[in-house]
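Data file: run10.pdb. Format and content: PDB, C-alpha atoms and all ligand atoms.
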ATOM      1  CA  MET A 190      18.502 -48.077 -19.711
ATOM      2  CA  SER A 191      20.804 -45.539 -21.274
ATOM      3  CA  ILE A 192      22.662 -43.080 -19.132
ATOM      4  CA  GLU A 193      22.987 -39.672 -20.711
ATOM      5  CA  GLU A 194      26.482 -38.329 -21.076
ATOM      6  CA  LYS A 195      25.929 -34.932 -19.464
ATOM      7  CA  PRO A 196      26.307 -35.113 -15.671
ATOM      8  CA  LEU A 197      23.339 -34.176 -13.519
ATOM      9  CA  LEU A 198      25.306 -33.650 -10.317
ATOM     10  CA  ARG A 199      29.025 -33.466  -9.756
ATOM     11  CA  LEU A 200      30.655 -33.484  -6.354
ATOM     12  CA  GLU A 201      34.220 -32.246  -6.643
ATOM     13  CA  GLY A 202      36.802 -32.559  -3.894
ATOM     14  CA  ILE A 203      34.202 -32.521  -1.131
ATOM     15  CA  VAL A 204      35.594 -32.187   2.405
ATOM     16  CA  LYS A 205      33.541 -32.090   5.594
ATOM     17  CA  HIS A 206      34.903 -32.085   9.136
ATOM     18  CA  PHE A 207      32.936 -32.434  12.351
ATOM     19  CA  THR A 208      34.180 -31.468  15.762
ATOM     20  CA  SER A 209      34.131 -34.516  17.942
ATOM     21  CA  ARG A 210      33.133 -33.821  21.539
ATOM     22  CA  ASP A 211      35.005 -36.930  22.742
ATOM     23  CA  VAL A 212      38.226 -35.909  21.046
ATOM     24  CA  LYS A 213      37.869 -32.365  22.405
ATOM     25  CA  GLN A 214      37.472 -33.563  25.984
ATOM     26  CA  GLN A 215      40.369 -35.996  25.811
ATOM     27  CA  ALA A 216      42.838 -33.652  24.164
ATOM     28  CA  GLY A 217      41.655 -30.447  25.802
ATOM     29  CA  GLY A 218      41.561 -28.713  22.423
ATOM     30  CA  LYS A 219      39.365 -28.398  19.394
ATOM     31  CA  LYS A 220      39.879 -31.379  17.109
ATOM     32  CA  SER A 221      37.841 -32.600  14.247
ATOM     33  CA  VAL A 222      37.187 -35.778  12.307
ATOM     34  CA  ALA A 223      37.096 -35.764   8.523
ATOM     35  CA  ALA A 224      33.701 -37.331   7.816
ATOM     36  CA  VAL A 225      34.282 -36.741   4.104
ATOM     37  CA  ASP A 226      37.831 -36.300   2.919
ATOM     38  CA  GLY A 227      38.224 -35.120  -0.682
ATOM     39  CA  VAL A 228      35.442 -37.020  -2.475
ATOM     40  CA  SER A 229      34.543 -36.534  -6.144
ATOM     41  CA  LEU A 230      31.537 -38.324  -7.614
ATOM     42  CA  THR A 231      29.375 -37.782 -10.695
ATOM     43  CA  ILE A 232      25.784 -38.890 -11.158
ATOM     44  CA  HIS A 233      23.804 -38.789 -14.404
ATOM     45  CA  ARG A 234      20.087 -38.572 -15.112
ATOM     46  CA  ASN A 235      18.297 -41.887 -14.555
ATOM     47  CA  GLU A 236      21.331 -43.450 -12.950
ATOM     48  CA  ILE A 237      21.310 -45.312  -9.630
ATOM     49  CA  ILE A 238      24.554 -45.230  -7.684
ATOM     50  CA  ALA A 239      24.781 -47.363  -4.560
ATOM     51  CA  LEU A 240      26.987 -45.784  -1.912
ATOM     52  CA  VAL A 241      28.332 -48.504   0.363
ATOM     53  CA  GLY A 242      30.913 -48.819   3.122
ATOM     54  CA  GLU A 243      31.213 -49.489   6.812
ATOM     55  CA  SER A 244      29.430 -47.503   9.493
ATOM     56  CA  GLY A 245      30.971 -44.052   9.992
ATOM     57  CA  SER A 246      32.696 -44.004   6.595
ATOM     58  CA  GLY A 247      30.920 -40.764   5.626
ATOM     59  CA  LYS A 248      28.088 -41.996   3.370
ATOM     60  CA  SER A 249      25.274 -40.046   5.041
ATOM     61  CA  THR A 250      27.353 -36.886   5.241
ATOM     62  CA  LEU A 251      28.144 -37.076   1.524
ATOM     63  CA  GLY A 252      24.466 -37.737   0.746
ATOM     64  CA  ARG A 253      23.355 -34.788   2.862
ATOM     65  CA  ILE A 254      25.844 -32.555   1.056
ATOM     66  CA  ALA A 255      24.512 -33.813  -2.303
ATOM     67  CA  VAL A 256      20.997 -32.592  -1.436
ATOM     68  CA  GLY A 257      22.105 -29.400   0.334
ATOM     69  CA  LEU A 258      21.286 -30.444   3.925
ATOM     70  CA  GLU A 259      24.932 -30.087   4.880
ATOM     71  CA  VAL A 260      27.465 -27.492   3.733
ATOM     72  CA  PRO A 261      30.907 -28.767   2.681
ATOM     73  CA  ASP A 262      34.037 -27.196   4.205
ATOM     74  CA  ALA A 263      35.747 -27.446   0.840
ATOM     75  CA  GLY A 264      34.889 -28.618  -2.647
ATOM     76  CA  LYS A 265      32.092 -27.882  -5.080
ATOM     77  CA  VAL A 266      28.606 -29.183  -5.736
ATOM     78  CA  ILE A 267      27.742 -28.696  -9.414
ATOM     79  CA  PHE A 268      24.132 -29.294 -10.436
ATOM     80  CA  HIS A 269      23.618 -29.125 -14.189
ATOM     81  CA  ASP A 270      25.901 -26.204 -15.015
ATOM     82  CA  SER A 271      25.686 -24.162 -11.849
ATOM     83  CA  GLU A 272      27.967 -24.431  -8.900
ATOM     84  CA  TRP A 273      27.576 -24.132  -5.131
ATOM     85  CA  SER A 274      30.142 -24.175  -2.377
ATOM     86  CA  GLY A 275      28.765 -21.636   0.061
ATOM     87  CA  SER A 276      26.145 -21.571   2.797
ATOM     88  CA  ARG A 277      22.720 -23.217   2.677
ATOM     89  CA  LYS A 278      21.194 -19.780   2.138
ATOM     90  CA  GLN A 279      23.182 -19.389  -1.046
ATOM     91  CA  ILE A 280      21.881 -22.553  -2.713
ATOM     92  CA  PRO A 281      20.704 -21.411  -6.169
ATOM     93  CA  GLU A 282      16.947 -20.791  -6.336
ATOM     94  CA  ALA A 283      16.646 -22.982  -9.446
ATOM     95  CA  TRP A 284      17.797 -25.998  -7.428
ATOM     96  CA  ARG A 285      14.879 -25.724  -4.998
ATOM     97  CA  GLY A 286      12.936 -28.996  -4.793
ATOM     98  CA  LYS A 287      15.100 -30.637  -7.451
ATOM     99  CA  ARG A 288      16.975 -32.763  -4.918
ATOM    100  CA  GLN A 289      15.103 -34.777  -2.306
ATOM    101  CA  MET A 290      16.110 -37.043   0.528
ATOM    102  CA  VAL A 291      14.507 -40.295   1.665
ATOM    103  CA  PHE A 292      15.436 -41.219   5.229
ATOM    104  CA  GLN A 293      15.714 -44.587   6.943
ATOM    105  CA  SER A 294      12.590 -43.821   8.955
ATOM    106  CA  PRO A 295       9.526 -42.690   6.974
ATOM    107  CA  HIS A 296       8.390 -40.873  10.124
ATOM    108  CA  SER A 297      11.082 -38.265   9.401
ATOM    109  CA  SER A 298       9.116 -37.022   6.412
ATOM    110  CA  LEU A 299       5.465 -37.888   7.160
ATOM    111  CA  ASN A 300       3.442 -35.801   9.594
ATOM    112  CA  PRO A 301       1.311 -38.154  11.749
ATOM    113  CA  ARG A 302      -1.535 -35.619  11.725
ATOM    114  CA  HIS A 303      -1.644 -35.325   7.931
ATOM    115  CA  THR A 304      -3.531 -37.715   5.670
ATOM    116  CA  ILE A 305      -1.534 -39.423   2.943
ATOM    117  CA  ALA A 306      -3.279 -37.137   0.427
ATOM    118  CA  ASP A 307      -2.001 -34.086   2.317
ATOM    119  CA  SER A 308       1.528 -35.500   2.603
ATOM    120  CA  LEU A 309       1.703 -36.202  -1.130
ATOM    121  CA  ALA A 310       0.095 -32.891  -2.091
ATOM    122  CA  GLU A 311       2.246 -30.660   0.106
ATOM    123  CA  PRO A 312       5.404 -30.650  -2.051
ATOM    124  CA  LEU A 313       3.232 -30.034  -5.120
ATOM    125  CA  ARG A 314       1.525 -27.085  -3.435
ATOM    126  CA  LEU A 315       4.930 -25.663  -2.473
ATOM    127  CA  ALA A 316       6.032 -26.070  -6.087
ATOM    128  CA  GLY A 317       2.931 -24.168  -7.254
ATOM    129  CA  TRP A 318       1.175 -27.021  -9.047
ATOM    130  CA  GLU A 319      -2.468 -26.503 -10.063
ATOM    131  CA  ARG A 320      -5.173 -28.679  -8.524
ATOM    132  CA  SER A 321      -5.985 -30.896 -11.514
ATOM    133  CA  ARG A 322      -2.307 -31.552 -12.247
ATOM    134  CA  THR A 323      -1.774 -32.315  -8.556
ATOM    135  CA  GLU A 324      -4.645 -34.813  -8.544
ATOM    136  CA  ARG A 325      -3.346 -36.568 -11.659
ATOM    137  CA  ARG A 326       0.143 -36.755 -10.197
ATOM    138  CA  ILE A 327      -1.095 -38.191  -6.901
ATOM    139  CA  SER A 328      -3.097 -40.873  -8.760
ATOM    140  CA  THR A 329      -0.009 -41.844 -10.731
ATOM    141  CA  ILE A 330       2.106 -42.027  -7.582
ATOM    142  CA  MET A 331      -0.479 -44.201  -5.817
ATOM    143  CA  GLU A 332      -0.289 -46.620  -8.763
ATOM    144  CA  TRP A 333       3.493 -46.775  -8.442
ATOM    145  CA  LEU A 334       3.129 -47.342  -4.692
ATOM    146  CA  MET A 335       0.541 -50.070  -5.362
ATOM    147  CA  LEU A 336      -1.860 -48.475  -2.908
ATOM    148  CA  PRO A 337      -5.565 -47.928  -3.598
ATOM    149  CA  GLU A 338      -7.001 -44.413  -3.875
ATOM    150  CA  LYS A 339      -8.975 -44.966  -0.658
ATOM    151  CA  ALA A 340      -5.661 -45.067   1.239
ATOM    152  CA  LEU A 341      -5.266 -41.353   0.516
ATOM    153  CA  GLU A 342      -7.659 -40.399   3.312
ATOM    154  CA  ARG A 343      -5.857 -42.475   5.919
ATOM    155  CA  TYR A 344      -3.192 -41.423   8.406
ATOM    156  CA  PRO A 345       0.360 -42.780   8.847
ATOM    157  CA  HIS A 346      -0.511 -44.904  11.909
ATOM    158  CA  GLN A 347      -2.885 -46.931   9.708
ATOM    159  CA  PHE A 348      -0.042 -48.290   7.559
ATOM    160  CA  SER A 349       2.740 -50.843   7.982
ATOM    161  CA  GLY A 350       6.399 -49.744   8.056
ATOM    162  CA  GLY A 351       6.946 -50.881   4.475
ATOM    163  CA  GLN A 352       3.866 -49.074   3.196
ATOM    164  CA  LEU A 353       4.920 -45.907   5.035
ATOM    165  CA  GLN A 354       8.369 -46.048   3.486
ATOM    166  CA  ARG A 355       6.766 -46.392   0.035
ATOM    167  CA  ILE A 356       4.598 -43.361   0.802
ATOM    168  CA  ALA A 357       7.650 -41.367   1.982
ATOM    169  CA  ILE A 358       9.374 -42.240  -1.300
ATOM    170  CA  GLY A 359       6.216 -41.210  -3.164
ATOM    171  CA  ARG A 360       6.276 -37.864  -1.384
ATOM    172  CA  ALA A 361       9.960 -37.390  -2.238
ATOM    173  CA  ILE A 362       9.351 -37.952  -5.955
ATOM    174  CA  ALA A 363       5.986 -36.137  -6.084
ATOM    175  CA  ALA A 364       7.204 -32.800  -7.408
ATOM    176  CA  GLU A 365       9.411 -34.428 -10.034
ATOM    177  CA  PRO A 366      12.849 -33.940  -8.475
ATOM    178  CA  GLU A 367      15.907 -34.751 -10.562
ATOM    179  CA  LEU A 368      17.889 -36.398  -7.774
ATOM    180  CA  ILE A 369      16.899 -38.514  -4.805
ATOM    181  CA  VAL A 370      19.331 -39.417  -2.063
ATOM    182  CA  ALA A 371      17.948 -42.424  -0.208
ATOM    183  CA  ASP A 372      19.763 -42.963   3.095
ATOM    184  CA  GLU A 373      19.358 -46.586   4.204
ATOM    185  CA  PRO A 374      15.714 -46.660   3.056
ATOM    186  CA  VAL A 375      15.315 -50.398   3.654
ATOM    187  CA  ALA A 376      17.560 -50.907   6.683
ATOM    188  CA  SER A 377      14.788 -51.399   9.229
ATOM    189  CA  LEU A 378      12.527 -53.566   7.048
ATOM    190  CA  ASP A 379      12.223 -57.329   6.653
ATOM    191  CA  THR A 380      13.457 -58.974   3.474
ATOM    192  CA  SER A 381      10.174 -59.228   1.576
ATOM    193  CA  THR A 382       9.318 -55.618   2.390
ATOM    194  CA  GLN A 383      12.812 -54.555   1.306
ATOM    195  CA  ILE A 384      12.191 -56.180  -2.064
ATOM    196  CA  GLN A 385       8.962 -54.210  -2.498
ATOM    197  CA  ILE A 386      10.844 -50.963  -1.835
ATOM    198  CA  LEU A 387      13.560 -51.923  -4.316
ATOM    199  CA  GLU A 388      10.875 -52.775  -6.882
ATOM    200  CA  LEU A 389       9.452 -49.290  -6.303
ATOM    201  CA  PHE A 390      12.837 -47.720  -7.054
ATOM    202  CA  LYS A 391      12.925 -49.769 -10.255
ATOM    203  CA  THR A 392       9.460 -48.548 -11.227
ATOM    204  CA  ILE A 393      10.471 -44.950 -10.531
ATOM    205  CA  ARG A 394      13.535 -45.370 -12.701
ATOM    206  CA  GLN A 395      11.442 -46.793 -15.545
ATOM    207  CA  GLU A 396       8.762 -44.122 -15.300
ATOM    208  CA  THR A 397      10.905 -41.038 -14.641
ATOM    209  CA  SER A 398      14.425 -39.835 -15.307
ATOM    210  CA  VAL A 399      15.264 -39.183 -11.669
ATOM    211  CA  ALA A 400      18.776 -40.124 -10.547
ATOM    212  CA  CYS A 401      19.320 -41.835  -7.222
ATOM    213  CA  LEU A 402      22.151 -42.064  -4.747
ATOM    214  CA  PHE A 403      21.213 -45.121  -2.699
ATOM    215  CA  ILE A 404      23.092 -45.347   0.595
ATOM    216  CA  THR A 405      23.178 -48.801   2.132
ATOM    217  CA  HIS A 406      25.154 -51.201   4.280
ATOM    218  CA  GLY A 407      23.683 -54.110   2.387
ATOM    219  CA  LEU A 408      25.509 -55.070  -0.781
ATOM    220  CA  GLN A 409      22.977 -57.785  -1.480
ATOM    221  CA  THR A 410      20.229 -55.171  -1.338
ATOM    222  CA  VAL A 411      21.479 -53.202  -4.301
ATOM    223  CA  ARG A 412      23.049 -55.836  -6.502
ATOM    224  CA  TRP A 413      20.200 -55.918  -8.987
ATOM    225  CA  LEU A 414      19.245 -52.237  -8.618
ATOM    226  CA  ALA A 415      22.431 -50.186  -8.910
ATOM    227  CA  ASP A 416      24.153 -49.133 -12.124
ATOM    228  CA  GLN A 417      27.286 -48.164 -10.261
ATOM    229  CA  MET A 418      28.775 -49.021  -6.897
ATOM    230  CA  ALA A 419      30.664 -46.329  -4.979
ATOM    231  CA  VAL A 420      32.620 -47.558  -1.981
ATOM    232  CA  MET A 421      33.572 -45.284   0.928
ATOM    233  CA  LYS A 422      36.150 -45.978   3.577
ATOM    234  CA  SER A 423      37.221 -43.508   6.270
ATOM    235  CA  GLY A 424      35.802 -40.516   4.408
ATOM    236  CA  LYS A 425      37.348 -41.401   1.056
ATOM    237  CA  LEU A 426      35.903 -42.977  -2.050
ATOM    238  CA  VAL A 427      38.065 -46.000  -2.716
ATOM    239  CA  GLU A 428      36.223 -47.449  -5.718
ATOM    240  CA  VAL A 429      33.543 -46.449  -8.225
ATOM    241  CA  SER A 430      32.695 -49.289 -10.598
ATOM    242  CA  TYR A 431      29.829 -50.481 -12.742
ATOM    243  CA  ALA A 432      27.830 -52.900 -10.599
ATOM    244  CA  GLU A 433      28.532 -55.854 -12.869
ATOM    245  CA  THR A 434      32.276 -55.251 -12.629
ATOM    246  CA  PHE A 435      32.119 -54.600  -8.911
ATOM    247  CA  PHE A 436      30.427 -57.898  -8.118
ATOM    248  CA  SER A 437      32.589 -59.966 -10.480
ATOM    249  CA  GLN A 438      35.940 -58.179 -10.219
ATOM    250  CA  PRO A 439      36.088 -55.699  -7.341
ATOM    251  CA  GLN A 440      39.151 -53.517  -7.777
ATOM    252  CA  HIS A 441      39.979 -52.324  -4.276
ATOM    253  CA  PRO A 442      41.016 -54.685  -1.451
ATOM    254  CA  TYR A 443      38.420 -53.035   0.801
ATOM    255  CA  SER A 444      35.690 -53.772  -1.771
ATOM    256  CA  ARG A 445      36.839 -57.375  -1.850
ATOM    257  CA  SER A 446      36.669 -57.595   1.938
ATOM    258  CA  LEU A 447      33.157 -56.108   1.916
ATOM    259  CA  LEU A 448      32.047 -58.690  -0.624
ATOM    260  CA  GLU A 449      33.679 -61.539   1.257
ATOM    261  CA  ALA A 450      31.948 -60.480   4.474
ATOM    262  CA  VAL A 451      28.447 -60.505   3.008
ATOM    263  CA  PRO A 452      26.623 -63.370   1.344
ATOM    264  CA  VAL A 453      25.208 -62.057  -1.923
ATOM    265  CA  PRO A 454      22.152 -64.145  -2.813
ATOM    266  CA  ASP A 455      20.530 -64.162  -6.203
ATOM    267  CA  PRO A 456      17.531 -61.844  -5.586
ATOM    268  CA  THR A 457      15.532 -63.323  -8.470
ATOM    269  CA  ARG A 458      15.258 -66.510  -6.412
ATOM    270  CA  ASN A 459      13.758 -64.615  -3.474
ATOM    271  CA  ARG A 460      11.513 -62.330  -5.491
ATOM    272  CA  ILE A 461       7.944 -62.325  -4.280
ATOM    273  CA  SER A 462       4.908 -61.397  -6.258
ATOM    274  CA  GLY A 463       2.027 -59.276  -4.999
ATOM    275  CA  ASP A 464       1.807 -57.212  -1.858
ATOM    276  CA  GLU A 465       1.851 -59.206   1.340
ATOM    277  CA  GLU A 466       0.806 -56.170   3.344
ATOM    278  CA  GLY A 467      -2.614 -55.861   1.704
ATOM    279  CA  ASP A 468      -3.921 -52.397   0.897
ATOM    280  CA  GLY A 469      -3.396 -50.787   4.274
TER     281      GLY A 469
HETATM  282  N1  LIG A 501      26.546 -33.905  13.019
HETATM  283  C1  LIG A 501      27.659 -34.539  13.348
HETATM  284  N2  LIG A 501      28.436 -34.125  14.375
HETATM  285  C2  LIG A 501      29.585 -34.742  14.720
HETATM  286  N3  LIG A 501      30.063 -35.818  14.042
HETATM  287  C3  LIG A 501      29.335 -36.268  13.013
HETATM  288  C4  LIG A 501      28.105 -35.670  12.601
HETATM  289  N4  LIG A 501      27.622 -36.359  11.527
HETATM  290  C5  LIG A 501      28.506 -37.332  11.286
HETATM  291  N5  LIG A 501      29.536 -37.298  12.156
HETATM  292  C6  LIG A 501      30.692 -38.193  12.184
HETATM  293  O1  LIG A 501      31.207 -38.230  10.860
HETATM  294  C7  LIG A 501      31.621 -39.565  10.517
HETATM  295  C8  LIG A 501      30.836 -40.036   9.302
HETATM  296  O2  LIG A 501      29.467 -40.201   9.657
HETATM  297  P1  LIG A 501      28.344 -40.598   8.611
HETATM  298  O3  LIG A 501      27.055 -40.670   9.353
HETATM  299  O4  LIG A 501      28.411 -39.712   7.435
HETATM  300  O5  LIG A 501      28.827 -42.070   8.193
HETATM  301  P2  LIG A 501      27.984 -43.255   7.561
HETATM  302  O6  LIG A 501      28.913 -43.983   6.667
HETATM  303  O7  LIG A 501      26.739 -42.730   6.964
HETATM  304  O8  LIG A 501      27.640 -44.131   8.836
HETATM  305  P3  LIG A 501      26.366 -45.051   9.089
HETATM  306  O9  LIG A 501      26.420 -46.111   8.025
HETATM  307  O10 LIG A 501      26.594 -45.586  10.466
HETATM  308  O11 LIG A 501      25.164 -44.168   8.985
HETATM  309  C9  LIG A 501      31.380 -40.394  11.770
HETATM  310  O12 LIG A 501      32.582 -40.431  12.506
HETATM  311  C10 LIG A 501      30.322 -39.612  12.521
HETATM  312  O13 LIG A 501      30.407 -39.847  13.907
END
So that I can check it, write out the structure of this file as structure tokens.
Ligand SMILES: Nc1ncnc2c1ncn2[C@@H]1O[C@H](COP(=O)(O)OP(=O)(O)OP(=O)(O)O)[C@@H](O)[C@H]1O
Amino acid sequence: MSIEEKPLLRLEGIVKHFTSRDVKQQAGGKKSVAAVDGVSLTIHRNEIIALVGESGSGKSTLGRIAVGLEVPDAGKVIFHDSEWSGSRKQIPEAWRGKRQMVFQSPHSSLNPRHTIADSLAEPLRLAGWERSRTERRISTIMEWLMLPEKALERYPHQFSGGQLQRIAIGRAIAAEPELIVADEPVASLDTSTQIQILELFKTIRQETSVACLFITHGLQTVRWLADQMAVMKSGKLVEVSYAETFFSQPQHPYSRSLLEAVPVPDPTRNRISGDEEGDG
């Protein structure tokens, strides 16, 4: 895979504070925690960056800022050549639908009363796609998800957790976004199901030019998926390295401690073939 030189998204000096209720009560005044504290990060088309770090280090907040779900207190979000640092209402119209989020729970993005066909078609309808193009796109996505066409008429409760997460990812990529932020998309799944989701991200990368910021606690999860590893600690980015370098020669002491704490198996030895969940 070749990564184009021109950045797709640049985060520059991003700062985000939250007022902590606990701190406020203890100190009797208004205090805040810096969830993100001066972070700059660049992502290119077709690139997968894994964002790792301990719980509370600011990964989700940075991801939410990258897709426009959270407004930074300071810093700039630059998408292609246009820049945003204001309120959510001021997000440039041309950015609409170009950045999508995948959440840990697929239930956050799938309506239990909608069929899978409706859930996949909705973003395309909002983007103004015509019917025949919509149908072709949905067929393609179902192939990537490895689900049969007949699954389109079913409802979320008729699928396993892993299948639902694949469908939620399919919905996120349906209208051809340029960036996906996936926030712990495999955290609640068993190992073989996790591998299926990671395989799906690989397929999406092969078939499209979408970039992905993949937030995870699990270093072993992203070893064979990520191009770059970005490591957050206490709201700051302490290392951004190519994955190969990161796993062989981590630069920052915190990266080394993360690697020491987690066994990193060779995923090719655990790879499964086929879909253990059947066709739903
Ligand atoms: N809406 C909010 N209101 C108040 N504090 C928040 C809010 N969102 C995040 N925080 C705080 O900001 C800090 C960073 O949180 P964030 O969820 O971004 O970290 P994280 O690295 O994604 O953690 P995790 O891996 O546990 O999801 C934490 O101290 C968290 O409690």
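Pairwise distance (CA of Ile356 (chain A), CA of Leu334 (chain A)) equals 6.9 Å.
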Report, in Å to a single decimal, how far apart atom N3 of ligand LIG 501 (chain A) and CA of Gly245 (chain A) are.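 Straight-line distance from CA of Gly245 (chain A) to atom N3 of ligand LIG 501 (chain A) works out to 9.2 Å.
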Residue by residue, what does the PyMOL selection byres (((chain A and resi 369) around 8) and not hetatm) grab here? Present the result as a short mmCIF file (atom, residue, chain, number, x, y, z; two decimals) with C-alpha atoms, keeping the file's coordinate frame.
data_model
loop_
_atom_site.label_atom_id
_atom_site.label_comp_id
_atom_site.auth_asym_id
_atom_site.auth_seq_id
_atom_site.Cartn_x
_atom_site.Cartn_y
_atom_site.Cartn_z
CA VAL A 256 21.00 -32.59 -1.44
CA ARG A 288 16.98 -32.76 -4.92
CA GLN A 289 15.10 -34.78 -2.31
CA MET A 290 16.11 -37.04 0.53
CA VAL A 291 14.51 -40.30 1.66
CA ALA A 361 9.96 -37.39 -2.24
CA ILE A 362 9.35 -37.95 -5.96
CA PRO A 366 12.85 -33.94 -8.48
CA GLU A 367 15.91 -34.75 -10.56
CA LEU A 368 17.89 -36.40 -7.77
CA VAL A 370 19.33 -39.42 -2.06
CA ALA A 371 17.95 -42.42 -0.21
CA VAL A 399 15.26 -39.18 -11.67
CA ALA A 400 18.78 -40.12 -10.55
CA CYS A 401 19.32 -41.84 -7.22
CA LEU A 402 22.15 -42.06 -4.75
#
I would like the residues chosen by the PyMOL selection byres (((chain A and resi 329-333) around 12) and not hetatm) on the shown file; could you give them as a PyMOL selection string? chain A and resi 305-306+309-310+322-328+334-341+352+355-365+385-386+388-397+468
Go ahead and fit an axis-aligned box to every listed atom of ligand LIG 501 (chain A) plus 4 Å each side, and pass me the centre and edge lengths in Å, one decimal, as JSON.
{"center_x": 28.9, "center_y": -40.0, "center_z": 10.7, "size_x": 15.4, "size_y": 20.2, "size_z": 16.1}
Please extract the residues at most 9 Å from ligand LIG 501 (chain A), counting only C-alpha atoms and all ligand atoms, and provide them as a ChimeraX atom specification, using the chain letters and residue numbers of this document. /A:205-210,221-225,240-253,372-373,404-406,421-424
With the PyMOL selection byres (((chain A and resi 430) around 10) and not hetatm) as the selection, what would be picked from this file? Answer as number ranges by chain, please. A: 238, 416-420, 428-429, 431-436, 438-440
Close residues, Gly257 (chain A) itself excluded, 9 Å, all atoms listed in the file, min 6 positions apart in chain, as a VMD selection string: chain A and resid 266 277 280 288
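Separating CA of Ser271 (chain A) from CA of Ser398 (chain A) is a distance of 19.6 Å.
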Using only C-alpha atoms: which of A:His269, A:Trp413, A:Leu378, A:Asp307 has the shortest distance to Arg234 (chain A):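 Under the stated criterion, the closest residue is A:His269.
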With only C-alpha atoms as the atoms that count, which of A:Ser437, A:Thr380, A:Ser229, A:Thr304 lies nearest to His346 (chain A)?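 Residue with the minimum atom-to-atom distance to His346 (chain A): A:Thr304.
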Show me, as a PDB file with C-alpha atoms, in the coordinates of the input, the residues that have an atom within 9 Å of Phe268 (chain A) when counting only C-alpha atoms, minus same-chain residues fewer than 5 positions from it.
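Output file out.pdb is given in full below:
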ATOM      1  CA  PRO A 196      26.307 -35.113 -15.671  1.00  0.00           C
ATOM      2  CA  LEU A 197      23.339 -34.176 -13.519  1.00  0.00           C
ATOM      3  CA  LEU A 198      25.306 -33.650 -10.317  1.00  0.00           C
ATOM      4  CA  ARG A 199      29.025 -33.466  -9.756  1.00  0.00           C
ATOM      5  CA  LEU A 200      30.655 -33.484  -6.354  1.00  0.00           C
ATOM      6  CA  TRP A 273      27.576 -24.132  -5.131  1.00  0.00           C
ATOM      7  CA  TRP A 284      17.797 -25.998  -7.428  1.00  0.00           C
TER       8      TRP A 284
END
Considering all atoms listed in the file, can you say which of A:Gly351, A:Gln409, A:His303, A:Trp318 comes closest to Ser381 (chain A)?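 Under the stated criterion, the closest residue is A:Gly351.
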Contacts of Asp379 (chain A) at 12 Å or less, counting only C-alpha atoms, minus same-chain residues fewer than 2 places along, as a list in words?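 Near Asp379 (chain A), the qualifying residues are Ser349, Gly350, Gly351, Pro374, Val375, Ala376, Ser377, Ser381, Thr382, Gln383, Ile384, Gln385, Ile386, Thr410, Glu465 and Glu466 of chain A.
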